[in-house]
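So this one's input07.tsv, TSV, C-alpha atoms:
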chain	number	residue	atom	x	y	z
A	1	ALA	CA	197.05	-1.19	-151.10
A	2	ALA	CA	200.48	-0.43	-152.51
A	3	SER	CA	199.06	1.91	-155.13
A	4	SER	CA	197.03	3.67	-152.43
A	5	ARG	CA	200.17	4.24	-150.34
A	6	VAL	CA	202.02	5.57	-153.37
A	7	ARG	CA	199.15	7.91	-154.16
A	8	ARG	CA	199.05	9.22	-150.59
A	9	SER	CA	202.80	9.70	-150.63
A	10	GLY	CA	202.57	11.59	-153.91
A	11	ASP	CA	199.79	13.80	-152.55
A	12	ALA	CA	201.86	14.59	-149.46
A	13	THR	CA	204.87	15.46	-151.62
A	14	ILE	CA	202.81	17.78	-153.80
A	15	ALA	CA	201.33	19.46	-150.71
A	16	SER	CA	204.82	19.91	-149.23
A	17	ILE	CA	206.11	21.45	-152.47
A	18	GLY	CA	203.12	23.79	-152.55
A	19	GLU	CA	203.72	24.92	-148.97
A	20	GLU	CA	207.40	25.55	-149.64
A	21	THR	CA	206.57	27.49	-152.80
A	22	ASP	CA	204.13	29.67	-150.86
A	23	ARG	CA	206.73	30.23	-148.14
A	24	LEU	CA	209.38	31.29	-150.65
A	25	SER	CA	206.88	33.57	-152.40
A	26	ARG	CA	206.06	35.28	-149.09
A	27	LEU	CA	209.77	35.58	-148.29
A	28	THR	CA	210.42	37.23	-151.66
A	29	GLU	CA	207.62	39.74	-151.08
A	30	GLN	CA	208.95	40.51	-147.60
A	31	LEU	CA	212.49	41.05	-148.84
A	32	LEU	CA	211.32	43.32	-151.65
A	33	LEU	CA	209.27	45.38	-149.18
A	34	LEU	CA	212.21	45.75	-146.80
A	35	ALA	CA	214.61	46.60	-149.63
A	36	ALA	CA	212.26	49.33	-150.81
A	37	ALA	CA	211.90	50.63	-147.26
A	38	ASP	CA	215.67	50.63	-146.71
A	39	GLU	CA	216.09	52.76	-149.83
A	40	GLN	CA	213.10	54.95	-148.88
A	41	ARG	CA	211.24	53.73	-151.96
A	42	LEU	CA	208.27	52.13	-150.22
A	43	THR	CA	205.24	53.58	-151.98
A	44	LEU	CA	202.15	54.59	-150.05
A	45	ASN	CA	198.68	55.09	-151.51
A	46	ARG	CA	197.40	57.45	-148.86
A	47	GLU	CA	193.71	57.96	-148.20
A	48	PRO	CA	191.56	58.88	-145.19
A	49	VAL	CA	191.34	55.80	-143.00
A	50	LYS	CA	188.93	55.41	-140.09
A	51	VAL	CA	190.92	53.62	-137.42
A	52	ARG	CA	187.89	51.80	-136.01
A	53	ASP	CA	186.96	50.40	-139.43
A	54	LEU	CA	190.57	49.36	-140.03
A	55	LEU	CA	190.76	47.42	-136.77
A	56	ILE	CA	187.40	45.75	-137.31
A	57	GLU	CA	188.47	44.60	-140.78
A	58	VAL	CA	191.74	43.15	-139.50
A	59	ALA	CA	190.00	41.42	-136.59
A	60	GLU	CA	187.30	39.88	-138.79
A	61	ARG	CA	189.91	38.19	-140.96
A	62	CYS	CA	191.21	36.26	-137.94
A	63	ARG	CA	188.03	35.87	-135.91
A	64	GLY	CA	187.15	32.42	-137.27
A	65	ARG	CA	190.58	31.09	-136.42
A	66	ALA	CA	190.41	32.62	-132.95
A	67	GLN	CA	187.04	31.00	-132.26
A	68	LEU	CA	188.35	27.59	-133.30
A	69	GLU	CA	191.15	28.02	-130.77
A	70	GLY	CA	188.80	29.22	-128.03
A	71	ARG	CA	190.23	32.74	-128.19
A	72	THR	CA	188.49	36.10	-128.49
A	73	ILE	CA	189.49	39.29	-130.31
A	74	MET	CA	188.34	42.57	-128.83
A	75	VAL	CA	188.29	45.81	-130.84
A	76	GLN	CA	188.10	49.20	-129.17
A	77	SER	CA	188.72	52.53	-130.90
A	78	ASP	CA	187.79	56.16	-130.87
A	79	ASP	CA	186.71	58.05	-134.01
A	80	SER	CA	190.22	58.94	-135.18
A	81	VAL	CA	190.92	59.27	-138.89
A	82	ILE	CA	194.43	59.15	-140.34
A	83	THR	CA	195.81	59.71	-143.82
A	84	ALA	CA	197.51	56.42	-144.60
A	85	ASP	CA	197.90	53.45	-146.92
A	86	ARG	CA	195.13	51.18	-145.71
A	87	GLN	CA	196.50	48.06	-147.39
A	88	ARG	CA	199.95	48.52	-145.87
A	89	LEU	CA	198.47	49.00	-142.41
A	90	GLU	CA	196.26	45.94	-142.81
A	91	HIS	CA	199.43	43.99	-143.64
A	92	ALA	CA	201.27	45.25	-140.56
A	93	LEU	CA	198.39	44.83	-138.12
A	94	GLY	CA	197.43	41.47	-139.57
A	95	ASN	CA	200.99	40.35	-138.95
A	96	LEU	CA	200.82	41.42	-135.31
A	97	LEU	CA	197.41	39.83	-134.78
A	98	ASP	CA	198.59	36.57	-136.33
A	99	ASN	CA	201.61	36.57	-134.02
A	100	ALA	CA	199.40	37.20	-130.98
A	101	LEU	CA	197.17	34.26	-131.91
A	102	THR	CA	200.04	31.96	-132.78
A	103	HIS	CA	202.48	32.69	-129.96
A	104	GLY	CA	200.45	34.46	-127.28
A	105	ALA	CA	197.58	33.33	-125.08
A	106	GLY	CA	194.17	34.46	-123.90
A	107	LYS	CA	192.17	37.37	-125.27
A	108	VAL	CA	193.72	39.55	-127.97
A	109	GLU	CA	192.99	43.27	-127.87
A	110	LEU	CA	193.15	45.73	-130.76
A	111	VAL	CA	192.90	49.25	-129.37
A	112	GLY	CA	193.11	52.53	-131.29
A	113	GLN	CA	193.18	55.96	-129.68
A	114	ARG	CA	194.36	59.50	-130.30
A	115	ASN	CA	197.33	60.61	-128.20
A	116	GLY	CA	198.35	64.17	-128.95
A	117	ASP	CA	199.50	64.45	-132.55
A	118	ALA	CA	199.51	60.69	-133.04
A	119	VAL	CA	197.11	57.77	-133.21
A	120	GLU	CA	198.27	54.73	-131.27
A	121	ILE	CA	197.17	51.25	-132.31
A	122	ARG	CA	197.96	48.55	-129.77
A	123	VAL	CA	197.87	44.78	-130.27
A	124	ARG	CA	198.05	42.95	-126.95
A	125	ASP	CA	197.71	39.34	-125.82
A	126	HIS	CA	197.89	37.73	-122.39
A	127	GLY	CA	200.77	35.30	-122.89
A	128	GLY	CA	204.21	35.23	-121.33
A	129	GLY	CA	205.41	38.53	-122.79
A	130	PHE	CA	208.98	39.53	-123.65
A	131	THR	CA	212.24	39.51	-121.70
A	132	ALA	CA	213.98	42.83	-121.02
A	133	SER	CA	216.92	41.92	-123.28
A	134	TYR	CA	214.65	41.16	-126.23
A	135	LEU	CA	212.70	44.39	-125.79
A	136	ALA	CA	215.96	46.29	-126.39
A	137	HIS	CA	216.46	44.69	-129.84
A	138	PRO	CA	213.11	43.46	-131.20
A	139	PHE	CA	213.59	44.28	-134.89
A	140	VAL	CA	216.67	42.18	-135.69
A	141	ARG	CA	216.11	40.44	-139.02
A	142	PHE	CA	216.51	36.74	-139.78
A	143	ALA	CA	216.07	35.25	-136.32
A	144	PRO	CA	214.30	31.89	-136.81
A	145	THR	CA	213.18	29.87	-133.81
A	146	ALA	CA	215.90	27.81	-132.21
A	147	SER	CA	213.55	24.82	-131.89
A	148	THR	CA	212.44	24.57	-135.52
A	149	GLY	CA	215.04	26.51	-137.47
A	150	ARG	CA	212.20	27.90	-139.58
A	151	GLY	CA	210.66	31.32	-139.98
A	152	THR	CA	212.05	34.29	-141.86
A	153	GLY	CA	212.54	36.52	-138.82
A	154	LEU	CA	211.17	39.51	-140.76
A	155	GLY	CA	207.74	40.05	-139.23
A	156	LEU	CA	208.43	42.86	-136.77
A	157	ALA	CA	210.95	44.44	-139.15
A	158	ILE	CA	208.18	44.71	-141.75
A	159	VAL	CA	205.80	46.24	-139.21
A	160	GLU	CA	208.48	48.78	-138.33
A	161	ALA	CA	209.20	49.53	-142.00
A	162	ILE	CA	205.53	50.20	-142.76
A	163	ALA	CA	205.12	52.37	-139.67
A	164	GLU	CA	208.24	54.40	-140.43
A	165	ALA	CA	207.16	54.91	-144.04
A	166	HIS	CA	204.08	56.62	-142.58
A	167	GLY	CA	206.26	58.75	-140.30
A	168	GLY	CA	205.39	56.53	-137.36
A	169	SER	CA	207.11	54.17	-134.95
A	170	VAL	CA	206.67	50.82	-133.21
A	171	SER	CA	207.25	50.01	-129.56
A	172	LEU	CA	207.02	46.80	-127.52
A	173	ARG	CA	206.43	46.29	-123.82
A	174	ASN	CA	205.02	43.88	-121.29
A	175	ASP	CA	201.54	44.67	-120.05
A	176	ASP	CA	200.13	41.46	-118.57
A	177	GLY	CA	201.33	39.86	-121.80
A	178	ALA	CA	202.98	41.03	-125.01
A	179	ALA	CA	201.89	44.48	-126.19
A	180	VAL	CA	202.98	46.07	-129.48
A	181	THR	CA	202.02	49.68	-130.20
A	182	VAL	CA	202.11	51.26	-133.65
A	183	SER	CA	202.13	55.07	-133.43
A	184	LEU	CA	201.08	56.98	-136.55
A	185	PRO	CA	201.02	60.76	-137.05
A	186	THR	CA	197.71	62.50	-137.61
A	187	ASP	CA	199.63	64.90	-139.87
A	188	PRO	CA	201.88	63.02	-142.36
A	189	ALA	CA	204.19	66.04	-142.45
A	190	ARG	CA	204.95	65.69	-138.72
A	191	PRO	CA	206.56	62.29	-137.99
A	192	VAL	CA	206.22	60.57	-134.64
A	193	VAL	CA	209.38	60.45	-132.54
A	194	ALA	CA	210.41	56.85	-131.90
A	195	PRO	CA	210.70	55.86	-128.22
A	196	ASP	CA	214.19	55.53	-126.77
A	197	SER	CA	215.73	52.10	-126.19
A	198	ASP	CA	218.78	50.81	-124.39
A	199	PRO	CA	221.35	49.80	-127.05
A	200	SER	CA	223.64	48.20	-124.48
A	201	ALA	CA	221.27	45.32	-123.66
A	202	PRO	CA	222.23	41.99	-125.27
A	203	ALA	CA	220.32	40.99	-128.41
A	204	THR	CA	219.06	37.65	-127.13
A	205	ALA	CA	215.61	36.11	-127.29
A	206	THR	CA	213.71	33.06	-126.18
A	207	ASP	CA	212.08	30.67	-128.65
A	208	GLN	CA	208.71	32.38	-128.14
A	209	GLU	CA	210.23	35.81	-128.78
A	210	ARG	CA	211.94	34.66	-131.98
A	211	GLN	CA	208.61	33.24	-133.09
A	212	TRP	CA	207.08	36.70	-132.75
A	213	SER	CA	209.51	37.78	-135.49
A	214	SER	CA	209.11	34.70	-137.66
A	215	ARG	CA	206.18	35.70	-139.84

Target format structure tokens, applied to this file:
Amino acid sequence: AASSRVRRSGDATIASIGEETDRLSRLTEQLLLLAAADEQRLTLNREPVKVRDLLIEVAERCRGRAQLEGRTIMVQSDDSVITADRQRLEHALGNLLDNALTHGAGKVELVGQRNGDAVEIRVRDHGGGFTASYLAHPFVRFAPTASTGRGTGLGLAIVEAIAEAHGGSVSLRNDDGAAVTVSLPTDPARPVVAPDSDPSAPATATDQERQWSSR
């Protein structure tokens, strides 16, 4: 019995070390990506990307998890095609979808549509949404949850970095839940103008809002 307890304890320790190693590896990758973006060195392997196919691929990666949690993921898109780095966009949208499943509620919607000279991709859930003060400063880095003290607080900053590298922008709003829209130019030579925000609002956030930035 004693040897069995020791073995279980050893297995738990090894698993914990493995999880921490994975977390630190992800953190390193995130910091390197942001450093490259800050210095305008983030490389893009551009190719024609069908927005509908992109959204379907991202949704399929999380569909099994959503079903286990009794959630659904809906994909809706027109026939827009953009010139972009597919892998980078999968990273950004996968991050947003993971956040919606982890910290939101109800159905998650991935919607892509052309809007003038841009293609807008929206990830929306039906949870509690964001407070007005958080919406004014959503991309602050290193904001772990107050309840756990964990999380890198880099998730939305990475989404913004990838969008801006494409000449795009990211915006957040409440729409019967949390809605994040990534706007990407149809012509890479004509960047999308970022929406205005109110810089005077205090940079505060609830636990749920900090969790949105923790991945």

Could you write out as lines of an AutoDock Vina configuration file the box around segment 180-190 of chain A (axis-aligned, all atoms listed in the file, 5 Å on each side), with centre and edge lengths in Å to one decimal?
center_x = 201.3
center_y = 56.1
center_z = -136.0
size_x = 17.2
size_y = 30.0
size_z = 23.0

Just the number, please: distance in Å from atom CA of Ala179 of chain A to atom CA of Leu55 of chain A, one decimal.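 Taking atom CA of Ala179 of chain A and atom CA of Leu55 of chain A, their separation equals 15.6 Å.
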
Using all atoms listed in the file, find the one residue out of A:Gly168, A:Pro191, A:Gly127, A:Pro48 that sits nearest to Asn99 of chain A.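 Residue with the minimum atom-to-atom distance to Asn99 of chain A: A:Gly127.
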
Within 12 Å of Ala165 of chain A, counting all atoms listed in the file, which residues show up once you throw out same-chain ones fewer than 4 positions away? Write them as a PyMOL selection string, please. chain A and resi 33-34+36-46+84-85+88-89+92+158-161+169-170+183-185+188-189+191-192

What is the distance between atom CA of Ile56 of chain A and atom CA of Met74 of chain A, in Å to one decimal? 9.1 Å

Calculated over all atoms listed in the file, which of the candidates A:Ala118, A:Ile17, A:Val193, A:Val123 has the smallest distance to Asp98 of chain A?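 With all atoms listed in the file as the atom set, the closest residue is A:Val123.
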
Determine the nearest neighbour of Phe139 of chain A from the options A:Ser171, A:Gln76, A:His166, A:Val108, counting only C-alpha atoms. A:Ser171

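Closest to Arg86 of chain A among A:Val49, A:Leu135, A:Ala163, A:Ala35 is A:Val49, based on all atoms listed in the file.
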
Closest of A:Val119, A:Leu110, A:Ile162, A:Ala157 to His91 of chain A - atom-to-atom distances counting only C-alpha atoms: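 Ranked by minimum distance to His91 of chain A, first place goes to A:Ile162.
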
Counting only C-alpha atoms, figure out which residue out of A:Val140, A:Leu156, A:Leu93, A:Val81 gets nearest to Arg114 of chain A.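 Ranked by minimum distance to Arg114 of chain A, first place goes to A:Val81.
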
Close residues, Ala59 of chain A itself excluded, 12 Å, all atoms listed in the file, min 6 positions apart in chain, as a list in words: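 Near neighbours after the sequence-gap exclusion: Arg52, Asp53, Arg65, Ala66, Gln67, Thr72, Ile73, Met74, Val75, Gln76, Glu90, Leu93, Gly94, Asn95, Leu96, Leu97, Asp98, Ala100, Leu101, Val108, Glu109, Leu110, Val111 and Val123 of chain A.
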
Can you measure atom CA of Gly177 of chain A to atom CA of Arg61 of chain A for me? One decimal in Å is fine. 22.4 Å
